[in-house]
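Visitor: One structure is given below, represented as structure tokens, and several questions about it will come after.
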Amino acid sequence: MALFSHYNDPIFLKETSDLEARLKQLKTIRPKASESVQKQIDEDIRLLEYGIAGENRIAFELKNSHEPMYVLHDLFLEHNGLTAQIDYLIVTRKCHFVLECKNLYGTIDVDNKGNFTRTVYFGPKRFKKEGLYSPVTQNERHLELMRAIRTDEQSKAVQLISRMVGSGFSQYNIPVVVIANDKTVLNDRYAPKALRDQIVKSDQLIRFIREKNEAARGVPAYSDKEMREVAERWLARASENPTDYLEKYRELEREVRREQPTPAPEPPAEQERRCPRCGGPMIKRIAKKGANAGKTFYGCANFPKCRGIINVED
């Protein structure tokens, strides 16, 4: 029986995301955080929700592609001390696609050296310009780690991974950076062609996948079973990301406590005075007559039955 439906709908072997788990953690700790840390948490929640929205947009494109493929979402790989967090790994009939999702806003410029710059406009004369770490470089490192994994591991089904190692690796393992925000302006006309060919908008992704598969005419196509075996092998190789994302906020809380002024010590409570005559409590008074007028003294609370006093120096 065929694994795919009549319409060849994609199969998601892994659909959950680490971003969703992090978002849930932040919403859990927020009520207990200090006010300044809550502001940082709110900003990070906003960015996480933005990233999740971008990845969901890509998932929508893949689910409605009617293309036979296996999809692994948010794959964490570790090998020889190196790690990679891959947004999407897509196994198709002929090619494997390593997809980096960027839900960027504003205008993205890529120059002739491959440098990424983002400009966000707030009005006719107000804008903010900043450099971005190249998502293309990030994706290249993901592919390097995948190649190292497949080179070092022994496999019985060598024919299923022949395209994952050796000289043909770069030809059939294709990196692609997907700009998920439809309103983002991408200006890459001056970028090197090899780099420009790796960047697409989300609505161009399925066409990109089809074109790359069509270009691999001399490559034998996977069967449904072989596609699933390759995808399941990568899924089995993945692990949970051990990063403790909450440590950042614990450190922020520690900094807040260090910056708070040390409260002044409470003045020591005055020792209760007792009457030297009857042992009763003494009350602070001010003399109104005589040579000691205006001076402070302690008189017995049992006055006039007891006339015990204690003089004090002003």
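Simple scheme: letters A, B, ... for chains in structure tokens order, numbers from 1 for residues in each chain, numbers from 1 for ligands in the order shown.
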What's around Pro276 in chain A at 10 Å? Count only C-alpha atoms, leave out sequence neighbours fewer than 3 positions away in its own chain, and write the answer as a list in words.
Guide: Arg273, Gly279, Gly280, Pro281, Met282, Cys300, Arg307, Gly308, Ile309 and Ile310 of chain A
Visitor: Neighbouring residues of Ala238 in chain A were defined as those with any atom within 8 Å, considering only C-alpha atoms; residues of the same chain fewer than 2 positions away were excluded. Please report them as a ChimeraX atom specification.
Guide: /A:75-78,234-236,240
Visitor: Let's have the selection written as a JSON list (two decimals), in the first residue's frame, with C-alpha atoms.
Guide:
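Written file, again_34.json:
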[["chain", "number", "residue", "atom", "x", "y", "z"],
["A", 75, "LEU", "CA", 15.97, 19.10, 14.29],
["A", 76, "PHE", "CA", 18.80, 19.36, 16.84],
["A", 77, "LEU", "CA", 21.99, 17.53, 15.80],
["A", 78, "GLU", "CA", 25.22, 17.14, 17.79],
["A", 234, "TRP", "CA", 17.91, 11.59, 10.63],
["A", 235, "LEU", "CA", 15.10, 11.71, 13.16],
["A", 236, "ALA", "CA", 16.72, 8.90, 15.17],
["A", 240, "GLU", "CA", 16.78, 17.14, 22.63]]
Visitor: Determine which residues of range 75-251 of chain A DSSP labels as strand (DSSP E or B) from the backbone of this structure, then write them out as JSON, numbers by chain.
Guide: {"A": [75, 76, 77, 78, 79, 82, 83, 84, 85, 86, 87, 88, 89, 90, 91, 96, 97, 98, 99, 100, 101, 102, 107, 108, 109, 110, 116, 117, 118, 119, 120, 121, 127, 128, 129, 130, 131, 132, 173, 174, 175, 176, 177, 178, 179, 185, 186, 187, 199, 200, 201]}
Visitor: I'd like a table as JSON lines: residues in range 82-161 of chain A with an atom no more than 9 Å from range 206-226 of chain A, each row giving the shortest atom pair and its distance in Å to one decimal, only C-alpha atoms counted, sorted by chain and rising residue number.
Guide:
{"residue": "A:Thr92", "atom": "CA", "partner": "A:Tyr222", "partner_atom": "CA", "distance": 7.8}
{"residue": "A:Arg93", "atom": "CA", "partner": "A:Tyr222", "partner_atom": "CA", "distance": 4.9}
{"residue": "A:Lys94", "atom": "CA", "partner": "A:Ala221", "partner_atom": "CA", "distance": 5.2}
{"residue": "A:Cys95", "atom": "CA", "partner": "A:Asn213", "partner_atom": "CA", "distance": 6.2}
{"residue": "A:Phe97", "atom": "CA", "partner": "A:Ile209", "partner_atom": "CA", "distance": 7.9}
{"residue": "A:Leu160", "atom": "CA", "partner": "A:Glu226", "partner_atom": "CA", "distance": 6.8}
Visitor: Those residues you just picked out, can you put them in a file as a PDB file, in the first residue's frame with N, CA and C atoms?
Guide:
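Okay, this is what ended up in result.pdb:
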ATOM      1  N   THR A  92      12.987  14.623  -0.254  1.00  0.00           N
ATOM      2  CA  THR A  92      12.118  14.439  -1.411  1.00  0.00           C
ATOM      3  C   THR A  92      12.617  13.254  -2.228  1.00  0.00           C
ATOM      4  N   ARG A  93      12.022  13.048  -3.396  1.00  0.00           N
ATOM      5  CA  ARG A  93      12.392  11.915  -4.245  1.00  0.00           C
ATOM      6  C   ARG A  93      13.874  11.902  -4.609  1.00  0.00           C
ATOM      7  N   LYS A  94      14.434  13.084  -4.861  1.00  0.00           N
ATOM      8  CA  LYS A  94      15.808  13.128  -5.345  1.00  0.00           C
ATOM      9  C   LYS A  94      16.743  13.974  -4.484  1.00  0.00           C
ATOM     10  N   CYS A  95      16.236  14.976  -3.824  1.00  0.00           N
ATOM     11  CA  CYS A  95      17.112  15.893  -3.081  1.00  0.00           C
ATOM     12  C   CYS A  95      16.674  16.014  -1.623  1.00  0.00           C
ATOM     13  N   PHE A  97      16.612  18.936   1.385  1.00  0.00           N
ATOM     14  CA  PHE A  97      16.662  20.384   1.537  1.00  0.00           C
ATOM     15  C   PHE A  97      16.834  20.738   3.019  1.00  0.00           C
ATOM     16  N   LEU A 160      21.182   4.059   0.385  1.00  0.00           N
ATOM     17  CA  LEU A 160      20.227   5.098   0.738  1.00  0.00           C
ATOM     18  C   LEU A 160      20.898   6.395   1.148  1.00  0.00           C
TER      19      LEU A 160
END
Visitor: With distances taken over only C-alpha atoms, which residue among A:Leu23, A:Ile29, A:Leu48, A:Ile179 lies nearest Val200 in chain A?
Guide: A:Ile179
Visitor: Need to verify the contact set: Arg257 in chain A, 12 Å, only C-alpha atoms, exclusion of same-chain residues closer than 4 positions in sequence. Can you return it as a ChimeraX atom specification?
Guide: /A:33-34,36-37,250-253,261-263
Visitor: Can I get the selected residues back with all heavy atoms, as a compact mmCIF listing (two decimals), in the first residue's frame?
Guide:
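Contents of result_16.txt, freshly written:
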# COMPACT_ATOMS: atom_id res chain seq x y z
N ALA A 33 8.47 36.89 37.94
CA ALA A 33 9.68 37.68 37.68
C ALA A 33 9.51 39.11 38.18
O ALA A 33 8.39 39.61 38.34
CB ALA A 33 10.00 37.67 36.19
N SER A 34 10.64 39.78 38.42
CA SER A 34 10.61 41.19 38.80
C SER A 34 10.18 42.02 37.60
O SER A 34 10.18 41.55 36.46
CB SER A 34 11.99 41.63 39.28
OG SER A 34 12.95 41.46 38.26
N SER A 36 11.54 44.54 35.93
CA SER A 36 12.51 44.75 34.85
C SER A 36 12.74 43.47 34.05
O SER A 36 12.90 43.51 32.83
CB SER A 36 13.83 45.25 35.44
OG SER A 36 14.37 44.31 36.35
N VAL A 37 12.74 42.32 34.71
CA VAL A 37 12.92 41.05 34.01
C VAL A 37 11.67 40.71 33.19
O VAL A 37 11.77 40.13 32.11
CB VAL A 37 13.26 39.92 35.00
CG1 VAL A 37 13.34 38.57 34.29
CG2 VAL A 37 14.58 40.22 35.70
N ARG A 250 17.42 33.86 35.11
CA ARG A 250 17.90 33.72 36.49
C ARG A 250 19.05 34.69 36.73
O ARG A 250 19.13 35.32 37.79
CB ARG A 250 18.36 32.28 36.75
CG ARG A 250 17.25 31.24 36.63
CD ARG A 250 17.72 29.89 37.11
NE ARG A 250 16.79 28.83 36.72
CZ ARG A 250 16.97 28.01 35.72
NH1 ARG A 250 18.08 28.08 35.00
NH2 ARG A 250 16.07 27.08 35.42
N GLU A 251 19.95 34.82 35.75
CA GLU A 251 21.07 35.74 35.88
C GLU A 251 20.57 37.19 35.92
O GLU A 251 21.09 38.01 36.68
CB GLU A 251 22.05 35.55 34.71
CG GLU A 251 23.26 36.48 34.75
CD GLU A 251 24.06 36.37 36.02
OE1 GLU A 251 24.14 35.26 36.60
OE2 GLU A 251 24.63 37.39 36.46
N LEU A 252 19.57 37.50 35.13
CA LEU A 252 19.00 38.85 35.16
C LEU A 252 18.42 39.15 36.53
O LEU A 252 18.58 40.27 37.05
CB LEU A 252 17.92 38.98 34.08
CG LEU A 252 18.40 39.07 32.63
CD1 LEU A 252 17.20 39.06 31.68
CD2 LEU A 252 19.23 40.32 32.41
N GLU A 253 17.75 38.17 37.14
CA GLU A 253 17.20 38.37 38.48
C GLU A 253 18.32 38.60 39.49
O GLU A 253 18.20 39.43 40.40
CB GLU A 253 16.34 37.16 38.89
CG GLU A 253 15.02 37.03 38.14
CD GLU A 253 13.99 38.05 38.56
OE1 GLU A 253 14.32 38.97 39.35
OE2 GLU A 253 12.85 37.95 38.09
N PRO A 261 19.65 48.85 46.25
CA PRO A 261 20.39 49.37 47.40
C PRO A 261 20.13 48.54 48.66
O PRO A 261 19.02 48.03 48.87
CB PRO A 261 19.82 50.79 47.57
CG PRO A 261 18.47 50.76 46.91
CD PRO A 261 18.61 49.78 45.78
N THR A 262 21.18 48.38 49.45
CA THR A 262 21.04 47.63 50.70
C THR A 262 20.22 48.43 51.69
O THR A 262 20.55 49.60 51.96
CB THR A 262 22.43 47.34 51.30
OG1 THR A 262 23.22 46.65 50.33
CG2 THR A 262 22.30 46.51 52.57
N PRO A 263 19.14 47.90 52.19
CA PRO A 263 18.30 48.67 53.12
C PRO A 263 19.07 49.01 54.40
O PRO A 263 19.88 48.23 54.89
CB PRO A 263 17.12 47.72 53.42
CG PRO A 263 17.65 46.36 53.09
CD PRO A 263 18.64 46.54 51.98
Visitor: So that I can see what lies close to range 110-121 of chain A, please list as an NGL selection string the residues with an atom at most 7 Å from it, counting only C-alpha atoms and leaving out residues fewer than 4 positions away in the same chain.
Guide: :A and (106 or 126-134 or 187-188 or 190-192)
Visitor: List every residue of range 38-287 of chain A that DSSP, applied to the backbone, labels as helix (DSSP H, G or I), and write the result as a ChimeraX atom specification.
Guide: /A:38-63,135-152,158-164,166-172,193-196,202-215,224-237,247-259
Visitor: Quick one: write out the picked residues with C-alpha atoms as an mmCIF file, in the first residue's frame?
Guide:
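And here is the file that came out, again_19.cif:
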data_model
loop_
_atom_site.group_PDB
_atom_site.id
_atom_site.type_symbol
_atom_site.label_atom_id
_atom_site.label_comp_id
_atom_site.auth_asym_id
_atom_site.auth_seq_id
_atom_site.Cartn_x
_atom_site.Cartn_y
_atom_site.Cartn_z
ATOM 1 C CA GLN A 38 9.281 40.887 32.918
ATOM 2 C CA LYS A 39 10.050 43.538 30.292
ATOM 3 C CA GLN A 40 12.847 41.352 28.875
ATOM 4 C CA ILE A 41 10.589 38.299 28.964
ATOM 5 C CA ASP A 42 7.848 40.212 27.121
ATOM 6 C CA GLU A 43 10.314 41.195 24.391
ATOM 7 C CA ASP A 44 11.555 37.616 24.036
ATOM 8 C CA ILE A 45 7.977 36.318 23.945
ATOM 9 C CA ARG A 46 7.246 38.738 21.118
ATOM 10 C CA LEU A 47 10.279 37.513 19.145
ATOM 11 C CA LEU A 48 9.450 33.848 19.782
ATOM 12 C CA GLU A 49 5.862 34.323 18.646
ATOM 13 C CA TYR A 50 7.176 36.076 15.556
ATOM 14 C CA GLY A 51 9.552 33.192 14.817
ATOM 15 C CA ILE A 52 6.829 30.602 15.370
ATOM 16 C CA ALA A 53 4.530 32.490 13.002
ATOM 17 C CA GLY A 54 7.245 32.357 10.309
ATOM 18 C CA GLU A 55 7.797 28.624 10.723
ATOM 19 C CA ASN A 56 4.040 28.018 10.661
ATOM 20 C CA ARG A 57 3.837 29.917 7.388
ATOM 21 C CA ILE A 58 6.429 27.586 5.880
ATOM 22 C CA ALA A 59 4.593 24.548 7.256
ATOM 23 C CA PHE A 60 1.454 25.805 5.521
ATOM 24 C CA GLU A 61 3.300 26.027 2.190
ATOM 25 C CA LEU A 62 4.708 22.514 2.589
ATOM 26 C CA LYS A 63 1.391 20.950 3.639
ATOM 27 C CA PRO A 135 21.655 32.900 7.373
ATOM 28 C CA VAL A 136 23.435 31.420 4.338
ATOM 29 C CA THR A 137 26.612 30.914 6.396
ATOM 30 C CA GLN A 138 24.504 29.466 9.201
ATOM 31 C CA ASN A 139 22.960 26.959 6.815
ATOM 32 C CA GLU A 140 26.345 26.017 5.353
ATOM 33 C CA ARG A 141 27.507 25.053 8.835
ATOM 34 C CA HIS A 142 24.425 22.893 9.274
ATOM 35 C CA LEU A 143 25.321 21.037 6.083
ATOM 36 C CA GLU A 144 28.943 20.616 7.147
ATOM 37 C CA LEU A 145 27.807 18.974 10.373
ATOM 38 C CA MET A 146 25.409 16.674 8.515
ATOM 39 C CA ARG A 147 28.183 15.623 6.164
ATOM 40 C CA ALA A 148 30.502 14.894 9.106
ATOM 41 C CA ILE A 149 27.809 12.768 10.752
ATOM 42 C CA ARG A 150 27.185 10.696 7.652
ATOM 43 C CA THR A 151 30.905 10.310 6.935
ATOM 44 C CA ASP A 152 31.691 9.036 10.435
ATOM 45 C CA VAL A 158 24.767 2.486 2.025
ATOM 46 C CA GLN A 159 22.726 2.918 -1.143
ATOM 47 C CA LEU A 160 20.227 5.098 0.738
ATOM 48 C CA ILE A 161 22.845 7.550 1.959
ATOM 49 C CA SER A 162 25.225 7.623 -1.007
ATOM 50 C CA ARG A 163 24.035 11.131 -1.753
ATOM 51 C CA MET A 164 24.680 12.219 1.821
ATOM 52 C CA GLY A 166 31.300 12.085 -0.826
ATOM 53 C CA SER A 167 31.654 14.316 -3.866
ATOM 54 C CA GLY A 168 27.928 14.467 -4.636
ATOM 55 C CA PHE A 169 26.945 15.838 -1.248
ATOM 56 C CA SER A 170 26.671 19.493 -2.258
ATOM 57 C CA GLN A 171 24.756 18.668 -5.439
ATOM 58 C CA TYR A 172 21.932 16.756 -3.768
ATOM 59 C CA LYS A 193 24.652 34.342 -7.869
ATOM 60 C CA ALA A 194 25.514 31.251 -5.805
ATOM 61 C CA LEU A 195 24.238 33.025 -2.709
ATOM 62 C CA ARG A 196 21.256 34.626 -4.423
ATOM 63 C CA SER A 202 7.953 31.588 1.365
ATOM 64 C CA ASP A 203 5.566 31.650 -1.599
ATOM 65 C CA GLN A 204 8.461 30.603 -3.880
ATOM 66 C CA LEU A 205 9.582 27.631 -1.782
ATOM 67 C CA ILE A 206 7.602 24.856 -3.482
ATOM 68 C CA ARG A 207 8.656 26.035 -6.944
ATOM 69 C CA PHE A 208 12.271 26.064 -5.729
ATOM 70 C CA ILE A 209 11.979 22.443 -4.508
ATOM 71 C CA ARG A 210 10.404 21.300 -7.763
ATOM 72 C CA GLU A 211 13.052 23.011 -9.896
ATOM 73 C CA LYS A 212 15.917 21.452 -7.928
ATOM 74 C CA ASN A 213 14.375 17.985 -8.217
ATOM 75 C CA GLU A 214 13.837 18.429 -11.968
ATOM 76 C CA ALA A 215 17.448 19.543 -12.382
ATOM 77 C CA ASP A 224 8.338 5.889 -0.809
ATOM 78 C CA LYS A 225 9.972 3.376 1.519
ATOM 79 C CA GLU A 226 13.490 4.698 0.881
ATOM 80 C CA MET A 227 12.403 8.296 1.477
ATOM 81 C CA ARG A 228 10.928 7.336 4.828
ATOM 82 C CA GLU A 229 14.022 5.349 5.849
ATOM 83 C CA VAL A 230 16.302 8.322 5.145
ATOM 84 C CA ALA A 231 14.041 10.700 7.066
ATOM 85 C CA GLU A 232 13.674 8.303 9.996
ATOM 86 C CA ARG A 233 17.429 7.856 10.145
ATOM 87 C CA TRP A 234 17.907 11.590 10.632
ATOM 88 C CA LEU A 235 15.096 11.715 13.159
ATOM 89 C CA ALA A 236 16.718 8.902 15.173
ATOM 90 C CA ARG A 237 20.039 10.755 15.049
ATOM 91 C CA GLU A 247 19.340 30.543 32.939
ATOM 92 C CA LYS A 248 19.428 33.904 31.160
ATOM 93 C CA TYR A 249 16.507 35.135 33.251
ATOM 94 C CA ARG A 250 17.902 33.724 36.489
ATOM 95 C CA GLU A 251 21.067 35.744 35.880
ATOM 96 C CA LEU A 252 18.997 38.845 35.160
ATOM 97 C CA GLU A 253 17.195 38.371 38.479
ATOM 98 C CA ARG A 254 20.539 38.043 40.256
ATOM 99 C CA GLU A 255 21.718 41.284 38.636
ATOM 100 C CA VAL A 256 18.552 43.049 39.742
ATOM 101 C CA ARG A 257 19.138 41.955 43.332
ATOM 102 C CA ARG A 258 22.782 43.074 43.194
ATOM 103 C CA GLU A 259 21.787 46.516 41.891
#
Visitor: What's the 9 Å shell around Asp87 in chain A, counting only C-alpha atoms, without same-chain residues fewer than 2 positions away, as a list of chain:residue names?
Guide: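 Non-adjacent residues within range: A:Ser17, A:Glu55, A:Leu72, A:His73, A:Asp74, A:Leu75, A:Phe76, A:Gln85, A:Leu89, A:Val98, A:Leu99, A:Glu100, A:Cys101.
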Visitor: How would the residues just picked look written out with C-alpha atoms as a PDB file, in the first residue's frame?
Guide:
ATOM      1  CA  SER A  17       9.261  22.993  17.672  1.00  0.00           C
ATOM      2  CA  GLU A  55       7.797  28.624  10.723  1.00  0.00           C
ATOM      3  CA  LEU A  72      11.367  17.065   9.950  1.00  0.00           C
ATOM      4  CA  HIS A  73      10.731  20.286  11.825  1.00  0.00           C
ATOM      5  CA  ASP A  74      13.251  21.748  14.297  1.00  0.00           C
ATOM      6  CA  LEU A  75      15.970  19.099  14.292  1.00  0.00           C
ATOM      7  CA  PHE A  76      18.802  19.362  16.841  1.00  0.00           C
ATOM      8  CA  GLN A  85      19.490  23.482  15.081  1.00  0.00           C
ATOM      9  CA  LEU A  89      14.949  19.065   6.913  1.00  0.00           C
ATOM     10  CA  VAL A  98      18.114  22.046   4.638  1.00  0.00           C
ATOM     11  CA  LEU A  99      15.854  24.990   5.292  1.00  0.00           C
ATOM     12  CA  GLU A 100      16.585  28.039   7.457  1.00  0.00           C
ATOM     13  CA  CYS A 101      13.508  30.138   8.258  1.00  0.00           C
TER      14      CYS A 101
END
